[in-house]
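First comes the structure, then the notes that go with it.
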Amino acid sequence: MLEGKAVVGETDMLQTMQEDALDLAAKALDFYDVTDATDIARFIKQEFDRMHGPGWQCVVGRDFGSFVTHCFGCFIYFQVGSLSILLFRGSASFPEPEKNQCGALESLGSLDTVTA
């Protein structure tokens with residue numbers, strides 16, 4: 001169950017996509033116990049792939065660091081209580097990315113996120 005309000009730490013997503021991420025996290029926490037981080041991550045990733053196309057990655061836990069390359073407009077890091085969720089669409093570091101690799105967004109971005 002979703003205990004407490006989600007707090008967005010970092011994002012470059014459009015508001016509608018952010019709402020999808022938060023809604024899916026709430027739904028995942030209704031289905032799974034907060035200790036089932038892998039199941040929560042799998043659920044969010046698979047639903048985001050279905051809703052927004054393939055290539056999404058999801059990390060869920062209480063203590064992790066990350067340094068990822070992601071498509072611009074396809075990154076969110078938020079917390080629900082003591083649980084942190086990182087969701088992003090991965091991007092390869094090729095000299096010329098495929099056109100429309102991230103839907104309508106063509107630029108690449110990277111962000112270093114570290115949690116305590």
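Ligands are numbered from 1 in the order shown, chains are lettered A, B, ... in the order of the structure tokens, and residues start at 1 in each chain.
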
Near Val60 of chain A, within 6 Å and counting only C-alpha atoms, which residues show up once chain neighbours fewer than 5 positions away are dropped, as a ChimeraX atom specification? /A:37,41,84-85

Keeping only N, CA and C atoms, write the selected residues as a short mmCIF file (atom, residue, chain, number, x, y, z; two decimals), in the first residue's frame.
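Full text of selection00.cif as output:
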```
data_model
loop_
_atom_site.label_atom_id
_atom_site.label_comp_id
_atom_site.auth_asym_id
_atom_site.auth_seq_id
_atom_site.Cartn_x
_atom_site.Cartn_y
_atom_site.Cartn_z
N ALA A 37 11.16 -5.47 -3.52
CA ALA A 37 11.66 -4.42 -4.41
C ALA A 37 11.76 -4.89 -5.86
N ALA A 41 9.84 -3.17 -9.00
CA ALA A 41 10.58 -2.65 -10.15
C ALA A 41 10.11 -3.30 -11.44
N SER A 84 12.98 4.22 -2.39
CA SER A 84 13.38 5.08 -3.50
C SER A 84 13.14 4.35 -4.82
N ILE A 85 12.73 5.11 -5.82
CA ILE A 85 12.44 4.54 -7.14
C ILE A 85 13.11 5.40 -8.20
#
```

Closest atom pairs, residues of segment 46-76 of chain A within 12 Å of segment 9-16 of chain A, only C-alpha atoms, as a tab-separated table:
```
residue	atom	partner	partner_atom	distance
A:Met51	CA	A:Thr16	CA	11.9
A:His52	CA	A:Thr16	CA	11.4
A:His70	CA	A:Asp12	CA	10.4
A:Cys71	CA	A:Asp12	CA	9.7
A:Phe72	CA	A:Asp12	CA	7.0
A:Gly73	CA	A:Met13	CA	4.5
A:Cys74	CA	A:Met13	CA	5.5
A:Phe75	CA	A:Thr11	CA	5.4
A:Ile76	CA	A:Thr11	CA	4.2
```

Could you write out that same residue set with N, CA, C and O atoms as a short mmCIF file (atom, residue, chain, number, x, y, z; two decimals), in the first residue's frame?
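The result, stored in part_17.cif:
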```cif
data_model
loop_
_atom_site.label_atom_id
_atom_site.label_comp_id
_atom_site.auth_asym_id
_atom_site.auth_seq_id
_atom_site.Cartn_x
_atom_site.Cartn_y
_atom_site.Cartn_z
N MET A 51 3.16 1.32 -21.81
CA MET A 51 2.54 2.63 -22.00
C MET A 51 3.35 3.58 -22.87
O MET A 51 2.78 4.39 -23.60
N HIS A 52 4.69 3.51 -22.74
CA HIS A 52 5.54 4.52 -23.37
C HIS A 52 6.61 3.93 -24.30
O HIS A 52 7.54 4.64 -24.68
N HIS A 70 20.63 8.40 -19.93
CA HIS A 70 19.21 8.25 -20.25
C HIS A 70 18.81 9.19 -21.35
O HIS A 70 19.49 10.18 -21.63
N CYS A 71 17.70 8.88 -21.98
CA CYS A 71 17.13 9.77 -22.99
C CYS A 71 16.59 11.02 -22.29
O CYS A 71 16.00 10.93 -21.21
N PHE A 72 16.79 12.14 -22.93
CA PHE A 72 16.28 13.40 -22.39
C PHE A 72 14.76 13.32 -22.28
O PHE A 72 14.08 12.86 -23.20
N GLY A 73 14.23 13.73 -21.13
CA GLY A 73 12.78 13.69 -20.92
C GLY A 73 12.27 12.35 -20.42
O GLY A 73 11.07 12.15 -20.34
N CYS A 74 13.20 11.45 -20.09
CA CYS A 74 12.82 10.08 -19.73
C CYS A 74 13.48 9.65 -18.43
O CYS A 74 14.03 8.54 -18.32
N PHE A 75 13.47 10.51 -17.42
CA PHE A 75 14.13 10.20 -16.14
C PHE A 75 13.29 10.73 -14.98
O PHE A 75 12.82 11.87 -15.02
N ILE A 76 13.12 9.89 -13.95
CA ILE A 76 12.51 10.35 -12.71
C ILE A 76 13.09 9.55 -11.55
O ILE A 76 13.33 8.35 -11.66
#
```

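Minimum distance to Asp63 of chain A across A:Leu86, A:Leu29, A:Leu24, A:Ala6 (counting only C-alpha atoms) occurs at A:Leu86.
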
State, in Å with one decimal place, the distance from atom CA of Lys5 of chain A to atom CA of Cys58 of chain A. 19.4 Å

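Proximity ranking of A:Val8, A:Ser66, A:Val80, A:Gly53 relative to Ala28 of chain A places A:Val80 first, based on only C-alpha atoms.
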
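Separating atom CA of Tyr32 of chain A from atom CA of Arg89 of chain A is a distance of 23.2 Å.
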